[in-house]
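A.B. asks: The structure follows.
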Amino acid sequence: MLILILYFFIAIVAIQIAYYLGVFGKFAFAKAQKITPKRIPISVIVCAKNEEENVAKFVPLLAEQNYPDFEIVLIDDASSDDTLELFEAFEQQYSNIRLVKVQNNEAFWGNKKYALTLGIKAAKKDYLLFTDADCYPTSKDWITAMSSQFTMHKTIVLGYGGYEKIANSFLNKVIRFETLLTAVQYFSWAKLGHPYMGVGRNLAYKKEEFFNVNGFINHIQVRSGDDDLFINEAAKGSNTTVAYMPESFTYSAPKTKYKDWFTQKRRHIATAKHYKTVDQLQLGLFYSSQLLFIVLATLLLALQFQWILVLSLVGLRYLCAWIIVGFSAGKLKEKDIKFWFPIVEIALVFTQINVFITNLFSKPVNWK
């Protein structure tokens with residue numbers, strides 16, 4: 001029996017190494033990107049619902065971007081706080097701000113996709129750049145950096161949306177590791193010609209891509225997924241590229257309580273079940289092999305069965321993973337994360353198991 005477990009463990013290690021070196025290495029070892037400014041007209045779209053504190057801080061950062069031709073479309077999704085009043089004040093202050101007021105619709109009650117659709121239709125520019133109301137760009141060249149990756153054929157650009165660092169917080173390290181790993185995955189698969197998701201914190205595409213798939217209509221019943229489900233449907237190797245130069249990053253404040261982050265992860269994982277089958281399979285294989293690697297390595301080492309071989313395989317897998325995580329963390333300015341690997345990985349794996357089990361018995365809460 002133990003010899004069969006050992007053979008299975010060897011197969012799992014091979015799968016993990018194939019993912020890290022064969023897939024994720026595509027991003028980890030990619031050359032640094034350079035910004036080649038373009039004068040593409042851009043509509044920056046921000047949808048907010050009860051975000052008065054964030055929009056007060058971050059809308060001015062968007063309005064003061066160093067870019068020759070852009071507008072900002074602010075969408076108020078039936079807020080009950082002072083978000084709308086702030087948007088109206090910004091509309092008076094900045095000439096390039098356009099305001100879209102969304103009233104609750106009985107058919108699309110509380111559906112962010114409905115609000116975004118109205119904002120996209122109101123946008124005057126052909127190229128759209130999305131971020132969330134609680135996000136801010138790292139520099140005044142954010143629009144320049146993201147738009148620089150558009151070409152005649154590449155009409156979807158996937159960006160990186162990171163989280164702020166909080167000193168002496170292990171939860172913060174786990175959150176940023178999960179964000180890093182997710183970005184490495186969708187950047188790598190996009191580079192391999194098989195894009196499958198993006199994040200609404202930092203995402204750009206030509207307006208025609210939205211209408212080519214009839215917007216969000218095919219997953220309108222799913223409250224979340226205005227970013228990843230749209231990309232899963234609309235993106236192809238021929239029309240999608242990535243932006244990972246530091247000037248293209250956005251950041252937002254991370255959750256500071258495990259319970260809040262756990263709730264957020266429940267929404268993300270619940271959305272993934274609506275991906276294309278092939279994407280669900282590749283994600284499922286990676287995460288299940290990640291879990292099985294930890295479980296089987298622990299079992300075989302605890303029983304001291306062929307422990308020299310097992311320990312060597314464990315070391316090989318972690319070396320490959322650490323190299324990829326290290327190079328990727330350097331590109332995405334998350335260098336401190338590599339020093340906490342694999343502790344943060346183990347914490348993340350068991351959190352994901354907990355999320356998966358919890359979602360089997362109850363539905364997660366969506367857009368505010």
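Residues are referred to by chain and number: the chain letter is A, B, ... according to the order shown in the structure tokens, the number counts from 1 in that chain, and ligands are numbered separately from 1 in the order shown.
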Find the residues near segment 224-238 of chain A: any atom within 6 Å, counting only C-alpha atoms, skip ones fewer than 5 places away on the same chain, and give them as a PyMOL selection string.
C.D. replies: chain A and resi 113+193-194+196-200
A.B. asks: Give me, as a PyMOL selection string, the residues of segment 125-355 of chain A that a backbone DSSP run labels strand (DSSP E).
C.D. replies: chain A and resi 127-132+135-137+156-158+161-163+203-206+240-242+250-252
A.B. asks: For N, CA and C atoms, I'd like the residues from the last selection saved as a PDB file, in the first residue's frame.
C.D. replies:
```pdb
ATOM      1  N   TYR A 127     -11.667  52.811 -25.792  1.00  0.00           N
ATOM      2  CA  TYR A 127     -10.878  51.926 -24.928  1.00  0.00           C
ATOM      3  C   TYR A 127     -11.235  52.198 -23.470  1.00  0.00           C
ATOM      4  N   LEU A 128     -11.501  51.125 -22.727  1.00  0.00           N
ATOM      5  CA  LEU A 128     -11.982  51.222 -21.349  1.00  0.00           C
ATOM      6  C   LEU A 128     -10.941  50.686 -20.379  1.00  0.00           C
ATOM      7  N   LEU A 129     -10.742  51.404 -19.283  1.00  0.00           N
ATOM      8  CA  LEU A 129      -9.808  50.986 -18.234  1.00  0.00           C
ATOM      9  C   LEU A 129     -10.567  50.966 -16.917  1.00  0.00           C
ATOM     10  N   PHE A 130     -10.591  49.800 -16.265  1.00  0.00           N
ATOM     11  CA  PHE A 130     -11.401  49.613 -15.065  1.00  0.00           C
ATOM     12  C   PHE A 130     -10.549  49.536 -13.805  1.00  0.00           C
ATOM     13  N   THR A 131     -11.085  50.116 -12.745  1.00  0.00           N
ATOM     14  CA  THR A 131     -10.547  49.881 -11.412  1.00  0.00           C
ATOM     15  C   THR A 131     -11.706  49.988 -10.432  1.00  0.00           C
ATOM     16  N   ASP A 132     -11.484  49.549  -9.201  1.00  0.00           N
ATOM     17  CA  ASP A 132     -12.543  49.598  -8.191  1.00  0.00           C
ATOM     18  C   ASP A 132     -12.461  50.890  -7.391  1.00  0.00           C
ATOM     19  N   CYS A 135      -9.589  51.300  -4.904  1.00  0.00           N
ATOM     20  CA  CYS A 135      -8.239  51.101  -5.448  1.00  0.00           C
ATOM     21  C   CYS A 135      -7.630  52.432  -5.878  1.00  0.00           C
ATOM     22  N   TYR A 136      -6.297  52.452  -5.919  1.00  0.00           N
ATOM     23  CA  TYR A 136      -5.612  53.653  -6.400  1.00  0.00           C
ATOM     24  C   TYR A 136      -4.388  53.235  -7.198  1.00  0.00           C
ATOM     25  N   PRO A 137      -4.021  54.015  -8.215  1.00  0.00           N
ATOM     26  CA  PRO A 137      -2.845  53.693  -9.032  1.00  0.00           C
ATOM     27  C   PRO A 137      -1.558  54.045  -8.303  1.00  0.00           C
ATOM     28  N   ILE A 156      -7.414  43.404 -25.193  1.00  0.00           N
ATOM     29  CA  ILE A 156      -7.694  43.158 -23.781  1.00  0.00           C
ATOM     30  C   ILE A 156      -6.354  43.158 -23.045  1.00  0.00           C
ATOM     31  N   VAL A 157      -6.265  43.941 -21.974  1.00  0.00           N
ATOM     32  CA  VAL A 157      -5.023  44.036 -21.194  1.00  0.00           C
ATOM     33  C   VAL A 157      -5.319  43.655 -19.743  1.00  0.00           C
ATOM     34  N   LEU A 158      -4.620  42.640 -19.249  1.00  0.00           N
ATOM     35  CA  LEU A 158      -4.766  42.195 -17.867  1.00  0.00           C
ATOM     36  C   LEU A 158      -3.695  42.860 -17.017  1.00  0.00           C
ATOM     37  N   GLY A 161      -3.502  44.012  -9.623  1.00  0.00           N
ATOM     38  CA  GLY A 161      -4.097  44.770  -8.525  1.00  0.00           C
ATOM     39  C   GLY A 161      -3.624  44.194  -7.210  1.00  0.00           C
ATOM     40  N   GLY A 162      -2.667  44.849  -6.577  1.00  0.00           N
ATOM     41  CA  GLY A 162      -2.090  44.348  -5.340  1.00  0.00           C
ATOM     42  C   GLY A 162      -2.759  44.913  -4.098  1.00  0.00           C
ATOM     43  N   TYR A 163      -2.256  44.480  -2.948  1.00  0.00           N
ATOM     44  CA  TYR A 163      -2.766  44.970  -1.670  1.00  0.00           C
ATOM     45  C   TYR A 163      -1.639  45.606  -0.867  1.00  0.00           C
ATOM     46  N   LEU A 203      -7.949  46.383 -15.099  1.00  0.00           N
ATOM     47  CA  LEU A 203      -8.317  45.640 -16.298  1.00  0.00           C
ATOM     48  C   LEU A 203      -8.704  46.627 -17.401  1.00  0.00           C
ATOM     49  N   ALA A 204      -8.289  46.341 -18.625  1.00  0.00           N
ATOM     50  CA  ALA A 204      -8.618  47.234 -19.737  1.00  0.00           C
ATOM     51  C   ALA A 204      -9.042  46.424 -20.958  1.00  0.00           C
ATOM     52  N   TYR A 205      -9.978  46.969 -21.708  1.00  0.00           N
ATOM     53  CA  TYR A 205     -10.330  46.337 -22.979  1.00  0.00           C
ATOM     54  C   TYR A 205     -11.040  47.341 -23.881  1.00  0.00           C
ATOM     55  N   LYS A 206     -11.017  47.047 -25.173  1.00  0.00           N
ATOM     56  CA  LYS A 206     -11.706  47.873 -26.144  1.00  0.00           C
ATOM     57  C   LYS A 206     -13.210  47.635 -26.009  1.00  0.00           C
ATOM     58  N   THR A 240      -5.518  39.058 -26.317  1.00  0.00           N
ATOM     59  CA  THR A 240      -5.226  39.381 -24.918  1.00  0.00           C
ATOM     60  C   THR A 240      -3.736  39.484 -24.660  1.00  0.00           C
ATOM     61  N   THR A 241      -3.363  40.481 -23.867  1.00  0.00           N
ATOM     62  CA  THR A 241      -1.974  40.649 -23.433  1.00  0.00           C
ATOM     63  C   THR A 241      -1.973  41.048 -21.957  1.00  0.00           C
ATOM     64  N   VAL A 242      -0.790  41.284 -21.407  1.00  0.00           N
ATOM     65  CA  VAL A 242      -0.666  41.585 -19.982  1.00  0.00           C
ATOM     66  C   VAL A 242       0.192  42.824 -19.782  1.00  0.00           C
ATOM     67  N   THR A 250      -2.132  48.793  -9.477  1.00  0.00           N
ATOM     68  CA  THR A 250      -3.038  49.481  -8.555  1.00  0.00           C
ATOM     69  C   THR A 250      -2.956  48.769  -7.211  1.00  0.00           C
ATOM     70  N   TYR A 251      -3.347  49.485  -6.161  1.00  0.00           N
ATOM     71  CA  TYR A 251      -3.339  48.900  -4.822  1.00  0.00           C
ATOM     72  C   TYR A 251      -4.630  49.246  -4.103  1.00  0.00           C
ATOM     73  N   SER A 252      -4.958  48.424  -3.137  1.00  0.00           N
ATOM     74  CA  SER A 252      -6.101  48.698  -2.274  1.00  0.00           C
ATOM     75  C   SER A 252      -5.795  48.177  -0.877  1.00  0.00           C
TER      76      SER A 252
END
```
A.B. asks: Excluding same-chain residues fewer than 2 positions from Asn354 of chain A, what lies within 12 Å of it counting only C-alpha atoms, as a count of residues only?
C.D. replies: 18
A.B. asks: Rank A:Gln103, A:Ser43, A:Asn239, A:Thr298 by their smallest atom-to-atom distance to His153 of chain A, using only C-alpha atoms, and report the top residue only.
C.D. replies: A:Asn239
A.B. asks: List the neighbours of Thr83 of chain A out to 8 Å using only C-alpha atoms; skip same-chain residues closer than 6 positions along the sequence, and give me the result as number ranges by chain.
C.D. replies: A: 48-52, 55, 76
A.B. asks: Include N, CA and C atoms and write out the residues we just selected as a PDB file, in the first residue's frame.
C.D. replies:
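Output (part.pdb):
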```pdb
ATOM      1  N   ALA A  48     -19.126  52.494  -7.950  1.00  0.00           N
ATOM      2  CA  ALA A  48     -19.074  52.583  -6.484  1.00  0.00           C
ATOM      3  C   ALA A  48     -20.457  52.447  -5.873  1.00  0.00           C
ATOM      4  N   LYS A  49     -20.502  51.759  -4.759  1.00  0.00           N
ATOM      5  CA  LYS A  49     -21.732  51.657  -3.972  1.00  0.00           C
ATOM      6  C   LYS A  49     -21.352  51.846  -2.500  1.00  0.00           C
ATOM      7  N   ASN A  50     -21.754  52.961  -1.944  1.00  0.00           N
ATOM      8  CA  ASN A  50     -21.450  53.284  -0.543  1.00  0.00           C
ATOM      9  C   ASN A  50     -19.943  53.274  -0.272  1.00  0.00           C
ATOM     10  N   GLU A  51     -19.224  54.070  -1.044  1.00  0.00           N
ATOM     11  CA  GLU A  51     -17.765  54.128  -0.940  1.00  0.00           C
ATOM     12  C   GLU A  51     -17.279  55.562  -0.700  1.00  0.00           C
ATOM     13  N   GLU A  52     -18.002  56.341   0.077  1.00  0.00           N
ATOM     14  CA  GLU A  52     -17.693  57.763   0.198  1.00  0.00           C
ATOM     15  C   GLU A  52     -16.266  58.030   0.683  1.00  0.00           C
ATOM     16  N   VAL A  55     -13.753  57.066  -2.354  1.00  0.00           N
ATOM     17  CA  VAL A  55     -13.800  57.932  -3.534  1.00  0.00           C
ATOM     18  C   VAL A  55     -13.279  59.328  -3.213  1.00  0.00           C
ATOM     19  N   ASP A  76     -22.430  55.720  -9.843  1.00  0.00           N
ATOM     20  CA  ASP A  76     -22.993  55.562  -8.505  1.00  0.00           C
ATOM     21  C   ASP A  76     -24.102  54.529  -8.553  1.00  0.00           C
TER      22      ASP A  76
END
```
A.B. asks: Give me, please, the distance in Å between atom CA of Glu88 of chain A and atom CA of Tyr67 of chain A, quoted to one decimal.
C.D. replies: 22.7 Å
A.B. asks: Would you please extract all alpha helix (DSSP H) residues from segment 28-165 of chain A, as assigned by DSSP on the backbone, and give them as a PyMOL selection string?
C.D. replies: chain A and resi 28+52-63+83-93+112-122+142-147
A.B. asks: Could you jot down the atom CA of Met245 of chain A to atom CA of Arg176 of chain A separation for me, Å, one decimal place?
C.D. replies: 17.8 Å
A.B. asks: What does the distance between atom CA of Phe216 of chain A and atom CA of Leu61 of chain A come to in Å, to one decimal place?
C.D. replies: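 Atom-to-atom, atom CA of Phe216 of chain A and atom CA of Leu61 of chain A are spaced 28.6 Å apart.
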A.B. asks: Quick one: residues within 8 Å of Asp141 of chain A, only C-alpha atoms, excluding same-chain residues fewer than 5 positions away - as a PyMOL selection string?
C.D. replies: chain A and resi 65-67+247-248
A.B. asks: Keeping N, CA, C and O atoms for every residue in the selection just given, could you write it to a file as a CSV table (one decimal), in the first residue's frame?
C.D. replies:
```
chain,number,residue,atom,x,y,z
A,65,GLN,N,-4.1,62.0,-13.5
A,65,GLN,CA,-3.2,61.2,-14.3
A,65,GLN,C,-2.6,62.0,-15.4
A,65,GLN,O,-3.2,62.9,-16.0
A,66,ASN,N,-1.3,61.6,-15.7
A,66,ASN,CA,-0.6,62.3,-16.7
A,66,ASN,C,-0.8,61.5,-18.1
A,66,ASN,O,-0.1,60.7,-18.5
A,67,TYR,N,-1.9,61.9,-18.7
A,67,TYR,CA,-2.3,61.3,-19.9
A,67,TYR,C,-3.1,62.3,-20.8
A,67,TYR,O,-3.9,63.0,-20.3
A,247,GLU,N,4.6,50.8,-13.0
A,247,GLU,CA,3.7,51.9,-13.2
A,247,GLU,C,2.3,51.5,-13.5
A,247,GLU,O,1.4,52.4,-13.3
A,248,SER,N,2.1,50.3,-13.8
A,248,SER,CA,0.7,49.8,-14.2
A,248,SER,C,-0.1,49.3,-13.0
A,248,SER,O,-1.2,48.9,-13.2
```
A.B. asks: Would you mind listing what lies within 10 Å of Glu53 of chain A as a ChimeraX atom specification, with only C-alpha atoms counted and same-chain residues fewer than 5 positions away left out?
C.D. replies: /A:58,81-83,86,133-134
A.B. asks: Rank A:Arg317, A:Lys121, A:Lys38, A:Arg223 by their smallest atom-to-atom distance to Ile12 of chain A, using only C-alpha atoms, and report the top residue only.
C.D. replies: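 With only C-alpha atoms as the atom set, the closest residue is A:Arg317.
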A.B. asks: Using only C-alpha atoms, which residues sit within 10 Å of Leu21 of chain A once same-chain residues fewer than 4 positions away are excluded, as number ranges by chain?
C.D. replies: A: 16-17, 25-29, 320-321, 323-324
A.B. asks: Kindly save the residues from that selection, with N, CA, C and O atoms included, as a PDB file, in the first residue's frame.
C.D. replies:
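Writing done, so here's out.pdb:
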```pdb
ATOM      1  N   GLN A  16       3.183  19.232  -9.938  1.00  0.00           N
ATOM      2  CA  GLN A  16       3.505  20.532  -9.344  1.00  0.00           C
ATOM      3  C   GLN A  16       4.693  21.202 -10.032  1.00  0.00           C
ATOM      4  O   GLN A  16       4.668  22.393 -10.337  1.00  0.00           O
ATOM      5  N   ILE A  17       5.726  20.440 -10.306  1.00  0.00           N
ATOM      6  CA  ILE A  17       6.907  20.996 -10.976  1.00  0.00           C
ATOM      7  C   ILE A  17       6.548  21.439 -12.392  1.00  0.00           C
ATOM      8  O   ILE A  17       7.026  22.471 -12.876  1.00  0.00           O
ATOM      9  N   GLY A  25       6.561  29.599 -14.986  1.00  0.00           N
ATOM     10  CA  GLY A  25       7.856  30.119 -15.409  1.00  0.00           C
ATOM     11  C   GLY A  25       7.740  31.047 -16.600  1.00  0.00           C
ATOM     12  O   GLY A  25       8.622  31.883 -16.843  1.00  0.00           O
ATOM     13  N   LYS A  26       6.652  30.925 -17.352  1.00  0.00           N
ATOM     14  CA  LYS A  26       6.428  31.787 -18.515  1.00  0.00           C
ATOM     15  C   LYS A  26       6.370  33.250 -18.095  1.00  0.00           C
ATOM     16  O   LYS A  26       6.834  34.135 -18.820  1.00  0.00           O
ATOM     17  N   PHE A  27       5.791  33.497 -16.909  1.00  0.00           N
ATOM     18  CA  PHE A  27       5.759  34.867 -16.380  1.00  0.00           C
ATOM     19  C   PHE A  27       7.004  35.168 -15.546  1.00  0.00           C
ATOM     20  O   PHE A  27       7.602  36.236 -15.681  1.00  0.00           O
ATOM     21  N   ALA A  28       7.378  34.221 -14.690  1.00  0.00           N
ATOM     22  CA  ALA A  28       8.499  34.461 -13.774  1.00  0.00           C
ATOM     23  C   ALA A  28       9.778  34.847 -14.501  1.00  0.00           C
ATOM     24  O   ALA A  28      10.528  35.715 -14.047  1.00  0.00           O
ATOM     25  N   PHE A  29      10.037  34.219 -15.645  1.00  0.00           N
ATOM     26  CA  PHE A  29      11.278  34.464 -16.383  1.00  0.00           C
ATOM     27  C   PHE A  29      11.091  35.414 -17.566  1.00  0.00           C
ATOM     28  O   PHE A  29      11.987  35.561 -18.396  1.00  0.00           O
ATOM     29  N   CYS A 320      11.896  24.447  -6.787  1.00  0.00           N
ATOM     30  CA  CYS A 320      11.304  24.945  -8.035  1.00  0.00           C
ATOM     31  C   CYS A 320      10.249  26.016  -7.754  1.00  0.00           C
ATOM     32  O   CYS A 320      10.231  27.075  -8.404  1.00  0.00           O
ATOM     33  N   ALA A 321       9.385  25.736  -6.788  1.00  0.00           N
ATOM     34  CA  ALA A 321       8.319  26.681  -6.455  1.00  0.00           C
ATOM     35  C   ALA A 321       8.893  27.985  -5.914  1.00  0.00           C
ATOM     36  O   ALA A 321       8.443  29.079  -6.269  1.00  0.00           O
ATOM     37  N   ILE A 323      11.826  29.331  -6.457  1.00  0.00           N
ATOM     38  CA  ILE A 323      12.467  30.096  -7.531  1.00  0.00           C
ATOM     39  C   ILE A 323      11.418  30.883  -8.321  1.00  0.00           C
ATOM     40  O   ILE A 323      11.574  32.083  -8.590  1.00  0.00           O
ATOM     41  N   ILE A 324      10.336  30.210  -8.687  1.00  0.00           N
ATOM     42  CA  ILE A 324       9.267  30.871  -9.449  1.00  0.00           C
ATOM     43  C   ILE A 324       8.606  31.969  -8.626  1.00  0.00           C
ATOM     44  O   ILE A 324       8.380  33.082  -9.117  1.00  0.00           O
TER      45      ILE A 324
END
```
A.B. asks: Which residue is closest to Tyr114 of chain A? Choose from A:Gln221, A:Thr151, A:Gln264, A:Gln282 and count only C-alpha atoms.
C.D. replies: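 Distance minimum relative to Tyr114 of chain A lands on A:Gln221.
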A.B. asks: With distances taken over only C-alpha atoms, which of A:His274, A:Lys154, A:Lys331, A:Lys207 is nearest to Val184 of chain A?
C.D. replies: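 Distance minimum relative to Val184 of chain A lands on A:Lys331.
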